[in-house]
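Chemist: Let me give you the structure first, and then I'll get to my questions.
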Amino acid sequence: MLKRIVTLLVAFPVAILLVALAVINRHEVRMVLDPFKPQAPSLALELPFYFYLFGSMFIGIIVGGVAVWLGQGRWRHTARVRAQEVRRWQAEADRLAHERDAEVARTGGTGGGKTLALAHR
């Protein structure tokens, strides 16, 4: 509940700020994509300035997310290896429990004297 309140307390002002940026920066801006003829470019975009602001923030979020994902690859690999080990050891424990249950059922619950021999050592 506290996490949700804190999230709302942060998200609401950020949303108001982003809306204010969009309203204030709605004038058209020309972005020239032709470095050789900037006065008469063959490639140019005219979009509202907030589009460039939000576009650059979006690209930054994507690039940052990819960088974090690539940086954590080692830990994901370790987690996969550990999960495989857990499955292997769980299968071994299940196999041993099944063998023990079969031995107990075969000998009628006495364990064939093995338990008593171990207890007397």
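All residue names refer to the structure tokens as shown: chains lettered A, B, ... in order, residues numbered from 1 in each chain, ligands numbered from 1 in order.
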Mind checking which residues fall within 12 Å of Ile24 in chain A, counting only C-alpha atoms, ignoring those fewer than 3 positions away in the same chain, and posting them as a PyMOL selection string?

Modeler: chain A and resi 17-21+27-28+48-51+53

Chemist: Just list as a PyMOL selection string whatever in chain A DSSP marks as alpha helix (DSSP H).

Modeler: chain A and resi 2-24+49-71+73-107+114-120

Chemist: Would you compute the distance between CA of Arg95 in chain A and CA of Val81 in chain A? Give it in Å to one decimal.

Modeler: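 Computing the Euclidean distance for CA of Arg95 in chain A and CA of Val81 in chain A yields 21.2 Å.
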
Chemist: Suppose you want the space between CA of Arg26 in chain A and CA of Val63 in chain A; what is it in Å?

Modeler: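 If I compute the distance from CA of Arg26 in chain A to CA of Val63 in chain A, I get 25.7 Å.
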
Chemist: Taking the DSSP assignment computed from this structure's backbone, write out as a ChimeraX atom specification all residues of chain A that belong to strand (DSSP E or B).

Modeler: /A:28-32,44-48
